[in-house]
file protein_20.txt (compact mmCIF, C-alpha atoms)
# COMPACT_ATOMS: atom_id res chain seq x y z
CA MET A 1 13.75 -25.40 -3.95
CA SER A 2 12.61 -28.01 -6.51
CA GLN A 3 13.51 -27.74 -10.19
CA THR A 4 9.84 -27.01 -11.01
CA LEU A 5 9.71 -24.15 -8.49
CA ARG A 6 13.00 -22.77 -9.79
CA THR A 7 11.64 -22.82 -13.34
CA ARG A 8 8.45 -21.04 -12.28
CA HIS A 9 10.43 -18.47 -10.28
CA TYR A 10 12.74 -17.77 -13.23
CA ALA A 11 9.78 -17.51 -15.62
CA ARG A 12 8.08 -15.05 -13.28
CA ARG A 13 11.21 -12.89 -13.21
CA LEU A 14 11.39 -12.88 -17.01
CA ILE A 15 7.74 -11.87 -17.26
CA THR A 16 8.21 -9.16 -14.61
CA ALA A 17 11.31 -7.85 -16.40
CA ALA A 18 9.41 -7.61 -19.67
CA LEU A 19 6.50 -5.89 -17.92
CA THR A 20 8.87 -3.44 -16.23
CA ILE A 21 10.46 -2.46 -19.52
CA THR A 22 6.99 -2.01 -21.01
CA VAL A 23 5.83 0.12 -18.06
CA MET A 24 8.94 2.30 -18.16
CA ALA A 25 8.78 2.76 -21.91
CA GLY A 26 5.07 3.51 -21.83
CA THR A 27 5.12 5.80 -18.79
CA ALA A 28 8.20 7.93 -19.02
CA GLY A 29 10.62 6.41 -21.47
CA TRP A 30 14.24 5.45 -20.89
CA THR A 31 16.32 8.44 -19.83
CA VAL A 32 19.43 7.16 -21.58
CA ALA A 33 20.63 10.59 -22.66
CA HIS A 34 20.75 11.91 -19.10
CA GLU A 35 22.60 9.82 -16.56
CA GLU A 36 22.78 11.39 -13.11
CA GLN A 37 26.26 12.09 -11.77
CA ALA A 38 26.44 10.85 -8.18
CA ILE A 39 27.83 13.26 -5.60
CA THR A 40 30.32 11.34 -3.49
CA GLY A 41 33.33 12.02 -1.30
CA PRO A 42 33.92 14.70 1.32
CA PRO A 43 32.01 17.99 1.60
CA PRO A 44 32.70 21.02 -0.59
CA GLY A 45 35.45 23.20 0.84
CA THR A 46 37.48 20.23 2.13
CA ALA A 47 40.70 21.35 0.42
CA ALA A 48 40.64 24.70 2.23
CA TRP A 49 39.77 22.95 5.50
CA LEU A 50 42.77 20.61 5.24
CA ALA A 51 45.05 23.53 4.37
CA ASP A 52 43.99 25.40 7.51
CA HIS A 53 46.70 25.20 10.20
CA SER A 54 45.24 27.89 12.44
CA LEU A 55 45.06 25.59 15.46
CA GLY A 56 48.86 25.45 15.31
CA GLY A 57 51.47 22.77 15.83
CA ALA A 58 51.87 19.14 14.92
CA GLY A 59 49.01 16.93 16.01
CA ARG A 60 46.51 19.81 15.81
CA GLU A 61 45.63 19.40 12.14
CA LEU A 62 41.98 19.45 11.17
CA PRO A 63 40.62 15.91 10.64
CA ASP A 64 40.23 14.69 7.08
CA PRO A 65 36.47 14.29 6.40
CA ALA A 66 37.24 11.53 3.90
CA THR A 67 39.11 9.27 6.31
CA VAL A 68 38.33 10.15 9.94
CA SER A 69 35.31 8.34 11.41
CA PRO A 70 32.37 10.21 12.94
CA ALA A 71 33.60 9.06 16.34
CA GLY A 72 36.98 10.61 15.55
CA ILE A 73 35.28 13.82 14.44
CA ALA A 74 33.40 13.94 17.75
CA ARG A 75 36.62 13.46 19.74
CA PHE A 76 38.27 16.26 17.77
CA PHE A 77 35.52 18.76 18.61
CA ASP A 78 35.46 17.64 22.24
CA ARG A 79 39.08 18.86 22.56
CA LEU A 80 38.32 22.34 21.21
CA THR A 81 37.33 25.43 23.13
CA GLU A 82 34.08 27.17 22.26
CA VAL A 83 36.07 29.98 20.62
CA GLN A 84 37.92 27.49 18.41
CA ARG A 85 34.70 25.78 17.43
CA LYS A 86 33.04 29.04 16.44
CA ALA A 87 36.10 30.07 14.43
CA LEU A 88 35.89 26.88 12.38
CA VAL A 89 32.19 27.45 11.73
CA ILE A 90 32.95 30.94 10.43
CA ARG A 91 35.92 29.87 8.27
CA HIS A 92 34.58 26.55 6.98
CA PRO A 93 30.78 26.43 7.18
CA GLU A 94 30.38 24.02 4.25
CA VAL A 95 32.61 21.45 5.94
CA VAL A 96 31.45 21.80 9.54
CA GLY A 97 27.81 21.68 8.45
CA ASN A 98 28.32 18.29 6.81
CA LEU A 99 30.67 16.66 9.31
CA ASP A 100 28.96 13.58 10.71
CA GLY A 101 29.95 13.41 14.37
CA ALA A 102 30.24 17.18 14.86
CA PRO A 103 28.01 18.79 17.53
CA LEU A 104 24.47 19.33 16.29
CA SER A 105 24.30 23.02 17.23
CA LEU A 106 27.49 23.75 15.28
CA ARG A 107 26.13 21.99 12.22
CA TYR A 108 22.89 23.99 12.33
CA GLU A 109 24.85 27.25 12.60
CA ALA A 110 27.34 26.29 9.91
CA ASN A 111 24.65 25.29 7.44
CA ALA A 112 22.74 28.52 8.02
CA ARG A 113 25.95 30.38 7.09
CA ALA A 114 26.57 28.18 4.04
CA ILE A 115 23.00 28.56 2.78
CA ARG A 116 23.09 32.33 3.31
CA ALA A 117 26.31 32.54 1.29
CA ALA A 118 24.79 30.42 -1.49
CA TRP A 119 21.69 32.64 -1.45
CA HIS A 120 23.75 35.83 -1.83
CA LYS A 121 25.78 34.29 -4.65
CA GLU A 122 22.69 33.13 -6.52
CA ARG A 123 20.94 36.48 -6.05
CA GLU A 124 23.93 38.33 -7.48
CA ALA A 125 23.93 36.08 -10.53
CA ASP A 126 20.15 36.21 -11.05
CA PRO A 127 17.85 38.24 -8.76
CA GLU A 128 14.84 36.21 -10.00
CA SER A 129 16.48 32.83 -9.55
CA PRO A 130 14.11 30.07 -8.32
CA LEU A 131 17.14 28.52 -6.63
CA ALA A 132 17.61 31.66 -4.56
CA GLU A 133 14.01 31.22 -3.40
CA ARG A 134 14.77 27.66 -2.35
CA TYR A 135 17.77 28.85 -0.32
CA ALA A 136 15.66 31.58 1.26
CA ALA A 137 13.08 28.99 2.30
CA LEU A 138 15.77 26.97 4.07
CA LEU A 139 16.75 30.10 6.01
CA ARG A 140 13.32 30.63 7.55
CA PRO A 141 13.37 30.89 11.36
CA GLY A 142 13.12 27.60 13.19
CA ARG A 143 14.54 25.39 10.45
CA GLN A 144 17.32 23.05 11.61
CA ILE A 145 19.43 22.08 8.62
CA LEU A 146 21.71 19.19 9.52
CA ALA A 147 23.38 18.89 6.11
CA PHE A 148 23.57 21.09 3.03
CA ASP A 149 25.48 20.50 -0.19
CA PRO A 150 24.66 22.72 -3.19
CA ARG A 151 26.58 20.58 -5.67
CA GLY A 152 24.67 18.88 -8.45
CA ARG A 153 20.91 18.99 -7.84
CA GLY A 154 21.51 19.80 -4.18
CA GLN A 155 21.37 17.66 -1.05
CA VAL A 156 19.91 18.53 2.33
CA ALA A 157 18.93 17.00 5.67
CA GLU A 158 16.57 18.67 8.12
CA VAL A 159 15.63 17.89 11.71
CA TYR A 160 12.08 18.19 13.02
CA GLY A 161 12.04 18.31 16.80
CA ASP A 162 14.84 18.63 19.33
CA LEU A 163 17.31 15.97 18.22
CA ALA A 164 19.67 16.66 21.10
CA ALA A 165 16.96 15.85 23.65
CA ALA A 166 14.94 13.23 21.74
CA ARG A 167 14.37 9.85 23.32
CA ARG A 168 12.93 8.39 20.12
CA THR A 169 14.13 9.31 16.63
CA ALA A 170 13.47 8.37 13.03
CA VAL A 171 15.28 8.94 9.74
CA ILE A 172 13.49 9.10 6.38
CA VAL A 173 15.40 8.11 3.22
CA PRO A 174 13.44 9.15 0.09
CA GLY A 175 13.42 7.67 -3.40
CA SER A 176 13.58 8.96 -6.97
CA ASP A 177 13.07 12.53 -8.17
CA ILE A 178 14.02 14.10 -4.85
CA ASP A 179 16.60 16.85 -4.49
CA LEU A 180 16.86 20.34 -3.03
CA ASP A 181 14.08 21.61 -5.30
CA ASP A 182 11.63 18.87 -4.29
CA PHE A 183 12.60 18.57 -0.64
CA ASP A 184 9.49 20.29 0.71
CA ARG A 185 7.25 20.63 -2.32
CA THR A 186 3.63 21.45 -1.48
CA GLY A 187 1.88 19.83 -4.45
CA ASP A 188 2.52 16.32 -3.13
CA PRO A 189 3.40 16.95 0.54
CA TYR A 190 3.46 13.34 1.74
CA GLY A 191 5.63 12.32 -1.19
CA ALA A 192 8.30 14.88 -0.25
CA PRO A 193 10.82 14.26 2.55
CA ALA A 194 9.86 17.32 4.56
CA GLY A 195 6.17 16.43 4.45
CA MET A 196 6.91 12.82 5.37
CA ALA A 197 8.99 13.90 8.36
CA ARG A 198 6.50 16.46 9.62
CA SER A 199 3.64 13.99 9.36
CA LEU A 200 5.52 11.20 11.13
CA ARG A 201 6.61 13.47 13.96
CA ALA A 202 3.07 14.79 14.40
CA GLN A 203 1.77 11.23 14.66
CA MET A 204 4.50 10.29 17.15
CA ALA A 205 3.59 13.33 19.28
CA GLU A 206 -0.07 12.30 19.20
CA ASP A 207 0.73 8.70 20.13
CA ALA A 208 3.25 9.53 22.87
CA PRO A 209 2.87 13.19 23.90
CA ALA A 210 5.21 12.83 26.89
CA THR A 211 8.08 11.40 24.83
CA PRO A 212 10.57 13.84 23.24
CA THR A 213 10.89 12.88 19.57
CA ALA A 214 12.71 13.99 16.44
CA VAL A 215 12.50 12.99 12.78
CA ILE A 216 15.18 13.66 10.19
CA ALA A 217 14.47 13.99 6.47
CA TRP A 218 17.73 12.89 4.83
CA VAL A 219 18.41 13.65 1.17
CA GLY A 220 22.10 12.83 1.31
CA TYR A 221 22.52 10.97 -1.97
CA THR A 222 21.90 11.59 -5.67
CA THR A 223 18.49 10.14 -6.52
CA PRO A 224 17.38 8.87 -9.94
CA VAL A 225 15.30 11.14 -12.16
CA GLY A 226 12.31 9.59 -13.86
CA LEU A 227 11.92 5.94 -14.82
CA GLY A 228 14.93 4.64 -16.65
CA PRO A 229 18.27 2.90 -16.17
CA ASP A 230 19.19 4.94 -13.08
CA ALA A 231 15.98 3.83 -11.34
CA ALA A 232 16.22 0.23 -12.55
CA THR A 233 19.87 -0.32 -11.55
CA SER A 234 21.77 0.04 -8.30
CA ARG A 235 24.48 2.45 -9.48
CA LEU A 236 23.21 5.50 -7.58
CA ALA A 237 22.25 3.40 -4.56
CA GLU A 238 25.77 2.01 -4.40
CA ALA A 239 27.09 5.58 -4.30
CA GLY A 240 24.52 6.59 -1.67
CA ALA A 241 24.80 3.64 0.73
CA PRO A 242 28.20 4.64 2.22
CA ARG A 243 26.88 8.16 2.77
CA LEU A 244 23.86 6.82 4.64
CA ASP A 245 26.11 4.53 6.67
CA ARG A 246 28.33 7.44 7.70
CA PHE A 247 25.33 9.63 8.53
CA LEU A 248 23.88 6.96 10.82
CA ALA A 249 27.27 6.45 12.45
CA GLY A 250 27.35 10.17 13.17
CA LEU A 251 23.89 10.02 14.75
CA ALA A 252 25.03 7.16 16.96
CA VAL A 253 27.80 9.39 18.28
CA THR A 254 25.78 12.57 18.77
CA THR A 255 22.44 11.24 20.07
CA ALA A 256 23.25 8.06 22.02
CA ALA A 257 23.44 9.87 25.37
CA THR A 258 19.78 10.92 25.35
CA ALA A 259 18.01 8.38 23.13
CA ASP A 260 16.16 5.38 24.56
CA ALA A 261 16.97 3.45 21.39
CA PRO A 262 18.80 3.95 18.09
CA PRO A 263 16.73 5.53 15.30
CA ALA A 264 14.19 3.72 13.15
CA VAL A 265 15.01 4.20 9.45
CA PHE A 266 12.18 4.52 6.92
CA CYS A 267 13.15 3.95 3.29
CA HIS A 268 10.73 4.89 0.52
CA SER A 269 10.83 3.49 -3.02
CA TYR A 270 14.38 3.67 -4.48
CA GLY A 271 15.53 4.73 -1.01
CA SER A 272 14.93 1.12 0.04
CA VAL A 273 17.59 0.06 -2.47
CA VAL A 274 20.03 2.43 -0.75
CA CYS A 275 18.99 1.06 2.65
CA GLY A 276 19.32 -2.52 1.48
CA LEU A 277 22.91 -1.93 0.37
CA ALA A 278 23.70 -0.11 3.63
CA ALA A 279 21.89 -2.64 5.83
CA SER A 280 24.89 -4.79 6.72
CA ALA A 281 26.36 -1.85 8.66
CA MET A 282 23.08 -1.30 10.54
CA ASP A 283 23.80 -3.06 13.80
CA ARG A 284 21.51 -2.57 16.78
CA ALA A 285 23.78 0.17 18.12
CA ARG A 286 23.03 2.30 15.04
CA VAL A 287 19.53 1.32 13.90
CA SER A 288 16.70 -0.32 15.83
CA ASP A 289 14.27 -0.87 12.96
CA LEU A 290 14.56 -0.78 9.18
CA VAL A 291 11.25 -0.10 7.43
CA VAL A 292 10.80 -0.17 3.65
CA LEU A 293 7.68 1.18 1.95
CA GLY A 294 6.73 1.16 -1.70
CA SER A 295 9.93 -0.80 -2.29
CA PRO A 296 11.06 -2.12 -5.69
CA GLY A 297 13.41 -4.47 -3.80
CA MET A 298 16.44 -4.21 -1.54
CA ARG A 299 19.06 -5.99 -3.67
CA ALA A 300 18.53 -9.01 -1.44
CA ASP A 301 16.68 -12.32 -1.57
CA SER A 302 15.54 -12.21 2.05
CA ALA A 303 15.60 -10.17 5.23
CA GLU A 304 18.22 -12.54 6.59
CA SER A 305 20.54 -11.94 3.64
CA LEU A 306 20.59 -8.22 4.47
CA ARG A 307 22.84 -9.20 7.42
CA THR A 308 21.47 -6.44 9.63
CA GLY A 309 20.85 -6.44 13.34
CA ALA A 310 17.84 -4.17 12.87
CA ARG A 311 14.30 -5.51 12.77
CA VAL A 312 13.12 -5.47 9.14
CA TRP A 313 9.60 -4.27 8.29
CA ALA A 314 7.82 -3.71 4.97
CA ALA A 315 4.65 -2.03 3.73
CA ARG A 316 3.00 -1.72 0.35
CA ASP A 317 -0.38 -0.20 -0.40
CA ARG A 318 -2.44 -2.28 -2.84
CA THR A 319 -2.84 0.70 -5.22
CA ASP A 320 0.90 1.40 -5.42
CA TRP A 321 2.13 0.97 -9.01
CA ILE A 322 5.50 -0.27 -7.70
CA ARG A 323 3.94 -3.73 -7.35
CA ARG A 324 4.26 -4.06 -11.14
CA VAL A 325 8.04 -3.69 -11.13
CA THR A 326 9.15 -5.41 -7.94
CA GLY A 327 10.42 -8.90 -7.33
CA TYR A 328 13.06 -9.49 -9.99
CA ASP A 329 16.62 -8.91 -11.08
CA PHE A 330 17.58 -9.62 -14.66
CA LEU A 331 20.63 -8.55 -16.64
CA GLY A 332 21.41 -5.84 -14.09
CA LEU A 333 17.85 -4.48 -14.06
CA GLY A 334 15.66 -4.71 -10.98
CA HIS A 335 16.36 -4.88 -7.29
CA GLY A 336 15.60 -8.38 -6.10
CA ASP A 337 12.75 -10.03 -4.27
CA ASP A 338 9.64 -8.26 -3.03
CA PRO A 339 10.09 -7.30 0.66
CA THR A 340 6.33 -7.64 1.25
CA ASP A 341 6.28 -11.25 0.04
CA PRO A 342 5.95 -13.55 3.09
CA SER A 343 8.91 -15.60 1.81
CA PHE A 344 11.20 -12.57 2.15
CA GLY A 345 10.91 -12.69 5.94
CA ALA A 346 10.18 -9.04 6.73
CA ARG A 347 7.45 -8.06 9.18
CA VAL A 348 4.73 -6.83 6.82
CA VAL A 349 2.47 -4.12 8.22
CA SER A 350 -0.87 -2.77 7.10
CA SER A 351 -1.07 0.28 4.85
CA GLU A 352 -4.86 0.45 4.76
CA SER A 353 -6.21 3.84 3.55
CA ALA A 354 -2.88 4.79 1.96
CA HIS A 355 -3.23 5.58 -1.73
CA GLY A 356 -0.70 5.36 -4.52
CA HIS A 357 3.06 5.41 -4.34
CA THR A 358 3.38 8.53 -2.18
CA GLY A 359 0.54 8.18 0.30
CA TYR A 360 2.18 6.17 3.08
CA PHE A 361 2.70 9.15 5.42
CA ALA A 362 -0.73 10.69 4.86
CA PRO A 363 -2.66 11.30 8.11
CA GLY A 364 -5.31 8.69 8.89
CA THR A 365 -3.52 5.80 7.18
CA ASP A 366 -2.58 2.53 8.83
CA SER A 367 0.91 2.93 7.43
CA LEU A 368 1.53 6.23 9.23
CA ARG A 369 0.14 4.88 12.51
CA ASN A 370 2.27 1.77 12.17
CA PHE A 371 5.40 3.79 11.37
CA SER A 372 4.85 5.94 14.45
CA ARG A 373 4.46 2.92 16.71
CA ILE A 374 7.53 1.23 15.27
CA ALA A 375 9.59 4.39 15.83
CA LEU A 376 8.25 4.64 19.39
CA GLY A 377 8.87 0.98 20.13
CA ASP A 378 5.15 0.41 20.75
CA PHE A 379 4.97 -2.91 18.93
CA ASP A 380 1.71 -4.04 20.52
CA GLY A 381 0.00 -1.21 18.65
CA VAL A 382 1.33 -2.23 15.22
CA ARG A 383 -1.28 -3.56 12.81
CA CYS A 384 -0.06 -6.38 10.57
CA ALA A 385 -0.86 -6.70 6.87
CA GLY A 386 -3.95 -8.75 6.25
CA GLU A 387 -5.77 -7.60 9.36
CA ASP A 388 -9.11 -6.44 7.90
CA GLY A 389 -7.51 -6.37 4.46
CA GLY A 390 -4.74 -3.92 5.28
CA GLY A 391 -1.95 -5.01 2.97
CA PRO A 392 -0.77 -7.11 0.00
CA GLY A 393 -0.80 -10.39 1.94
CA THR A 394 -1.15 -11.89 5.36
CA GLY A 395 1.90 -13.96 6.23
CA PRO A 396 2.94 -14.50 9.85
CA ASP A 397 2.01 -12.21 12.74
CA CYS A 398 4.32 -9.22 12.28
CA ARG A 399 4.38 -8.71 16.06
CA GLN A 400 5.59 -12.21 16.83
CA GLY A 401 8.62 -12.21 19.11
CA LEU A 402 8.34 -8.49 19.91
CA SER A 403 7.63 -6.86 23.24
call {"tool": "encode", "arguments": {"input": "protein_20.txt", "output": "structure tokens"}}
result
Amino acid sequence: MSQTLRTRHYARRLITAALTITVMAGTAGWTVAHEEQAITGPPPGTAAWLADHSLGGAGRELPDPATVSPAGIARFFDRLTEVQRKALVIRHPEVVGNLDGAPLSLRYEANARAIRAAWHKEREADPESPLAERYAALLRPGRQILAFDPRGRGQVAEVYGDLAAARRTAVIVPGSDIDLDDFDRTGDPYGAPAGMARSLRAQMAEDAPATPTAVIAWVGYTTPVGLGPDAATSRLAEAGAPRLDRFLAGLAVTTAATADAPPAVFCHSYGSVVCGLAASAMDRARVSDLVVLGSPGMRADSAESLRTGARVWAARDRTDWIRRVTGYDFLGLGHGDDPTDPSFGARVVSSESAHGHTGYFAPGTDSLRNFSRIALGDFDGVRCAGEDGGGPGTGPDCRQGLS
């Protein structure tokens, strides 16, 4: 890069940084007084789990969730009888429900028990508690809760479809202002993880009705609240990236036998920062495609610098306000270059008909149709940005080199 181009690039970043500060101050203000505490480490109840010697004898200790890999967790459960498995679910539902690598059916059962216990506890403390209503909603028949952690603002992951039988799967990683309370909000359904997942799975079923599919809405990290330092820095993403990495490693263990391909991972807004930091662990055995939408940046200068084996895709709707705050990093603020810029090297897809920052999964949009086809591996059906005006720029053919 010439000195002139470097100077222009640096000047652009300074201007963008100033604009970002102005936007944040004018829109929501800096949330300096309230810094989110990231939930990290093993699941709640781990101390009691490790103190449980009910299996008896040396070499039969329960695996440490903090140190044993998901593959090791899977091997541990493979050695147990059905009676032993059920006993652990009853005694330690909070741990079993969050153990990446544990059998899916056990995790569903364990989380139902953990949520029911949390519901009873909340009801006893306050019969009118809104939180108790949230727990009750998670207990509705048919819901498949793959992870549940009531600590902090609450974390949850839910499966839509039969994950054990799915041939094509997708994982959705949301951005800011998402927690247990906002997981399946109805006021902005396609901006909430549950609504995103339902919509994507419905589109996949329409596009490939004979293909068993599943979509997971994963809220497994502490998200920023509002526009402020938490959203403008990578602190919470750095805490969340190892959790996403472990979750995907667990999926690789529990779904590889039936899936035609590893999952496609869709990362919205600040979730793309988490995905960018986790990307180096996303080899093609864990993730087939990494898709960022409404991204403020991925803490990377290019798709190549992510060091991932997954195909990297990007989408941004022209009405999305995130375009005002993407493409810079300055004094610890910002998340790097714009993934939809042709120079970044991602495959940029059309988001025609999507509106705003939370409209990418709305039915009838190019973005939703493209996401479905990427998840299904139907790359010929993907519509690139710039085709009939469907995106922030044209760039190269996003289908080039794909089959």
call {"tool": "atom_distance", "arguments": {"input": "protein_20.txt", "atom1": "atom CA of A:Ile172", "atom2": "atom CA of A:Gly152"}}
result
21.0 Å
call {"tool": "residues_near_point", "arguments": {"input": "protein_20.txt", "point": "(24.4, 7.2, 7.5)", "cutoff": "12 Å", "atoms": "all atoms listed in the file", "output": "number ranges by chain"}}
result
A: 69-70, 98-101, 147, 157, 171-173, 216, 218-221, 240-253, 263, 265, 274-275, 277-279, 281-282, 286-287
call {"tool": "closest_residue", "arguments": {"input": "protein_20.txt", "among": "A:Pro44, A:Gly195, A:Pro212, A:Gly72", "to": "A:Pro150", "atoms": "all atoms listed in the file"}}
result
A:Pro44
call {"tool": "atom_distance", "arguments": {"input": "protein_20.txt", "atom1": "atom CA of A:Arg299", "atom2": "atom CA of A:Ala66"}}
result
26.4 Å
call {"tool": "axis_aligned_box", "arguments": {"input": "protein_20.txt", "around": "stretch 316-322 of chain A", "padding_each_side": "6 Å", "output": "JSON"}}
result
{"center_x": 1.3, "center_y": -0.4, "center_z": -4.3, "size_x": 20.3, "size_y": 15.7, "size_z": 21.4}
call {"tool": "atom_distance", "arguments": {"input": "protein_20.txt", "atom1": "atom CA of A:Arg323", "atom2": "atom CA of A:Ser350"}}
result
15.3 Å
call {"tool": "residues_around", "arguments": {"input": "protein_20.txt", "residues": "stretch 188-190 of chain A", "least_positions_apart": "6", "cutoff": "7 Å", "atoms": "only C-alpha atoms", "output": "list in words"}}
result
Met196, Thr358, Gly359, Phe361 and Ala362 of chain A
call {"tool": "closest_residue", "arguments": {"input": "protein_20.txt", "among": "A:Thr340, A:Thr46, A:Gln400, A:Ser372", "to": "A:Ala385", "atoms": "all atoms listed in the file"}}
result
A:Thr340
call {"tool": "residues_around", "arguments": {"input": "protein_20.txt", "residues": "stretch 266-269 of chain A", "least_positions_apart": "6", "cutoff": "8 Å", "atoms": "all atoms listed in the file", "output": "list in words"}}
result
Ala170, Val171, Ile172, Val173, Pro174, Gly175, Ser176, Cys275, Leu290, Val291, Val292, Leu293, Gly294, Ser295 and Pro296 of chain A
call {"tool": "closest_residue", "arguments": {"input": "protein_20.txt", "among": "A:Ala125, A:Ala303, A:Met298, A:Leu200", "to": "A:Asn370", "atoms": "all atoms listed in the file"}}
result
A:Leu200
